[in-house]
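J.: I am sharing start-v3.txt, which consists of compact mmCIF, C-alpha atoms and all ligand atoms:
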# COMPACT_ATOMS: atom_id res chain seq x y z
CA MET A 1 -6.03 13.14 6.14
CA ILE A 2 -4.36 10.04 4.75
CA THR A 3 -6.25 6.77 4.95
CA VAL A 4 -4.52 3.39 4.98
CA LEU A 5 -6.41 0.13 4.55
CA VAL A 6 -4.96 -2.80 6.47
CA ALA A 7 -6.02 -6.11 4.93
CA GLU A 8 -4.90 -8.87 7.28
CA ASP A 9 -6.75 -11.91 8.56
CA ASN A 10 -4.85 -12.17 11.84
CA ALA A 11 -6.53 -9.93 14.41
CA VAL A 12 -3.42 -9.47 16.54
CA ASN A 13 -1.30 -8.40 13.58
CA ARG A 14 -4.07 -6.15 12.34
CA GLU A 15 -4.31 -4.39 15.70
CA LEU A 16 -0.54 -4.01 15.88
CA ILE A 17 -0.36 -2.42 12.45
CA ARG A 18 -3.31 -0.18 13.27
CA GLU A 19 -1.50 1.13 16.34
CA LEU A 20 1.68 1.82 14.40
CA LEU A 21 -0.28 3.71 11.76
CA GLU A 22 -2.41 5.70 14.18
CA LEU A 23 0.69 6.75 16.10
CA ARG A 24 1.89 8.25 12.83
CA GLY A 25 -1.35 10.13 12.29
CA TYR A 26 -2.92 7.97 9.61
CA THR A 27 -6.60 7.07 9.49
CA VAL A 28 -6.94 3.28 9.45
CA LEU A 29 -9.52 1.03 7.82
CA GLU A 30 -9.44 -2.73 8.32
CA ALA A 31 -10.36 -5.75 6.24
CA CYS A 32 -10.18 -9.40 7.36
CA ASP A 33 -9.95 -10.99 3.91
CA GLY A 34 -9.30 -10.09 0.31
CA GLN A 35 -12.92 -9.81 -0.75
CA GLU A 36 -13.71 -7.39 2.05
CA ALA A 37 -10.62 -5.39 1.13
CA LEU A 38 -11.81 -4.94 -2.47
CA GLY A 39 -15.21 -3.73 -1.27
CA ILE A 40 -13.68 -1.17 1.07
CA ILE A 41 -11.31 0.08 -1.64
CA GLU A 42 -14.24 0.70 -4.00
CA ARG A 43 -16.30 2.42 -1.30
CA ALA A 44 -13.74 4.36 0.71
CA GLN A 45 -10.86 4.91 -1.73
CA PRO A 46 -7.98 4.64 0.73
CA ASP A 47 -4.64 6.26 -0.12
CA LEU A 48 -2.60 3.11 0.42
CA LEU A 49 -3.17 -0.60 1.01
CA LEU A 50 -1.15 -2.78 3.36
CA LEU A 51 -1.96 -6.23 2.05
CA ASP A 52 -1.29 -9.53 3.76
CA ILE A 53 -0.42 -12.31 1.30
CA GLY A 54 -1.94 -15.24 3.17
CA MET A 55 -5.64 -14.55 3.63
CA PRO A 56 -8.88 -16.50 3.23
CA VAL A 57 -11.38 -15.99 0.39
CA LEU A 58 -8.93 -14.04 -1.79
CA ASP A 59 -5.23 -14.02 -1.03
CA GLY A 60 -2.95 -11.04 -1.53
CA PHE A 61 -1.87 -12.06 -5.03
CA ALA A 62 -5.50 -12.31 -6.19
CA VAL A 63 -6.33 -8.95 -4.63
CA VAL A 64 -3.43 -7.11 -6.22
CA ARG A 65 -4.29 -8.62 -9.61
CA ARG A 66 -7.89 -7.45 -9.40
CA ILE A 67 -6.89 -3.98 -8.32
CA ARG A 68 -4.41 -3.58 -11.20
CA GLU A 69 -7.11 -4.73 -13.63
CA SER A 70 -9.64 -2.14 -12.38
CA PRO A 71 -8.90 1.23 -13.99
CA ARG A 72 -10.61 3.26 -11.28
CA ILE A 73 -8.37 1.90 -8.52
CA ALA A 74 -5.42 0.56 -10.47
CA ARG A 75 -2.97 3.17 -9.21
CA LEU A 76 -3.51 2.47 -5.53
CA PRO A 77 -0.13 2.00 -3.83
CA ILE A 78 0.03 -1.52 -2.40
CA VAL A 79 2.55 -2.84 0.10
CA ALA A 80 2.75 -6.58 0.66
CA VAL A 81 2.90 -7.68 4.27
CA THR A 82 4.06 -11.24 4.56
CA ALA A 83 5.75 -13.78 6.73
CA TYR A 84 7.19 -15.49 3.68
CA ALA A 85 10.78 -14.58 4.25
CA MET A 86 12.32 -16.97 1.77
CA GLN A 87 14.71 -15.87 -0.91
CA GLY A 88 12.83 -15.18 -4.12
CA ASP A 89 9.52 -14.27 -2.56
CA ARG A 90 10.39 -10.61 -2.53
CA GLU A 91 11.02 -10.69 -6.28
CA ARG A 92 7.88 -12.69 -6.93
CA ILE A 93 5.88 -10.18 -4.91
CA LEU A 94 7.33 -7.13 -6.63
CA ASP A 95 6.77 -8.80 -10.02
CA SER A 96 3.11 -9.31 -9.15
CA GLY A 97 2.13 -5.67 -9.03
CA PHE A 98 2.97 -4.68 -5.48
CA ASP A 99 4.78 -1.39 -4.93
CA GLY A 100 6.61 -2.47 -1.81
CA TYR A 101 7.21 -5.26 0.61
CA LEU A 102 7.30 -5.58 4.40
CA SER A 103 8.06 -8.81 6.20
CA LYS A 104 6.50 -9.80 9.49
CA PRO A 105 7.07 -9.02 12.22
CA ILE A 106 6.84 -5.49 10.91
CA ASN A 107 9.79 -3.28 11.61
CA PRO A 108 8.30 0.13 12.53
CA SER A 109 10.99 2.14 10.78
CA SER A 110 10.61 0.06 7.61
CA LEU A 111 6.89 0.75 7.72
CA THR A 112 7.55 4.48 8.02
CA GLU A 113 9.99 4.37 5.11
CA GLU A 114 7.57 2.56 2.81
CA LEU A 115 4.69 4.90 3.66
CA ASN A 116 6.82 7.98 3.14
CA ARG A 117 8.19 6.68 -0.14
CA LEU A 118 4.84 5.69 -1.64
CA LEU A 119 2.66 8.47 -0.27
CA THR A 120 5.17 11.13 -1.30
CA LYS A 121 5.16 9.76 -4.82
CA GLN A 122 1.39 9.89 -4.84
CA ALA A 123 1.31 13.41 -3.44
CA ILE A 124 3.28 14.68 -6.44
CA GLN A 125 0.50 13.61 -8.80
CA PRO A 126 -2.78 13.74 -6.87
CA ALA A 127 -5.50 11.61 -8.45
CA HIS A 128 -7.99 14.49 -8.57
CA SER A 129 -5.60 16.93 -10.21
CA ASP A 130 -6.08 18.12 -13.76
CA ARG A 131 -3.06 20.33 -13.68
CA PRO A 132 -1.69 20.73 -17.22
CA ASP A 133 1.90 20.84 -15.98
CA GLU A 134 1.77 17.31 -14.69
CA LYS A 135 3.70 15.79 -17.55
CA GLN A 136 6.33 18.38 -18.21
CA GLY A 137 8.53 17.37 -15.33
CA GLU A 138 11.47 15.63 -16.95
CA GLY A 139 13.92 18.35 -16.11
CA LYS A 140 12.71 19.06 -12.60
CA ALA A 141 11.15 15.85 -11.44
CA SER A 142 10.32 14.95 -7.88
CA ASN A 143 11.75 17.87 -5.96
CA ALA A 144 9.88 16.56 -2.93
CA VAL A 145 11.61 13.20 -2.88
CA GLY A 146 14.83 13.27 -0.93
CA SER A 147 17.41 10.66 -1.65
CA GLY A 148 19.06 10.99 1.71
CA THR A 149 18.17 7.82 3.53
MN MN B 201 -2.55 -13.95 6.95
How does this structure look as structure tokens?
T.:
Amino acid sequence: MITVLVAEDNAVNRELIRELLELRGYTVLEACDGQEALGIIERAQPDLLLLDIGMPVLDGFAVVRRIRESPRIARLPIVAVTAYAMQGDRERILDSGFDGYLSKPINPSSLTEELNRLLTKQAIQPAHSDRPDEKQGEGKASNAVGSGT
């Protein structure tokens, strides 16, 4: 069971994203602002965070900064979800600690691609694994990650 936290202050967008995720078999948690998102991440340890940039209390940039500074949750995959479609924002977002970027309105196939990309990467090195072979992989890295898209 893979759990995705959707942090988004707009209820309509949140519901839309929830439906897209549930159709794909993910379990969905919801947060309405950045502070609530941080609390849910600590409590429920979701597998991935879809994070709106423009939110009250704490915006997406503040949330991603706090997550990356917290060792226990620092490796959480985070995808920015934003209406800021201007040139340069994508770079600024990816420079800020996000792993991916989706612009609104969300394109369902882009959502699928981002989830597959980031959750596959995570699946190769599960957080609870103490397998000693985890670091030897230079010669045979990522056999589960296809390049064919
Ligand atoms: Mn918003």
J.: Residues within 12 Å of ligand MN 201 (chain B) (all atoms listed in the file), as number ranges by chain?
T.: A: 6-14, 31-34, 50-60, 80-84, 103-104
J.: Residues near Arg66 of chain A, anyone? I mean within 12 Å using only C-alpha atoms, not counting same-chain ones fewer than 4 positions away, as a list in words.
T.: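 Within the cut-off, the hits are Gly34, Gln35, Ala37, Leu38, Gly39, Ile41, Glu42, Leu58, Asp59, Gly60, Phe61, Ala62, Ser70, Pro71, Arg72, Ile73, Ala74, Arg75, Leu76, Ser96, Gly97 and Phe98 of chain A.
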J.: Given all atoms listed in the file as the basis, pick out the residue of A:Leu119, A:Pro108, A:Val64, A:Arg43 nearest to Leu94 of chain A.
T.: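 Closest residue, counting all atoms listed in the file: A:Val64.
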J.: What gap, in Å, lies between atom CA of Leu102 of chain A and atom CA of Leu49 of chain A?
T.: 12.1 Å
J.: Can you measure atom CA of Pro46 of chain A to atom CA of Ser110 of chain A for me? One decimal in Å is fine.
T.: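 Value for the atom CA of Pro46 of chain A-atom CA of Ser110 of chain A distance: 20.3 Å.
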J.: Interatomic distance between atom CA of Val79 of chain A and atom CA of Thr112 of chain A?
T.: 11.9 Å
J.: Go through A:Ile40, A:Ile93, A:Val63, A:Leu29 and flag the residue nearest Ile17 of chain A, using all atoms listed in the file for the distances.
T.: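 Of the candidates, the smallest distance to Ile17 of chain A is held by A:Leu29.
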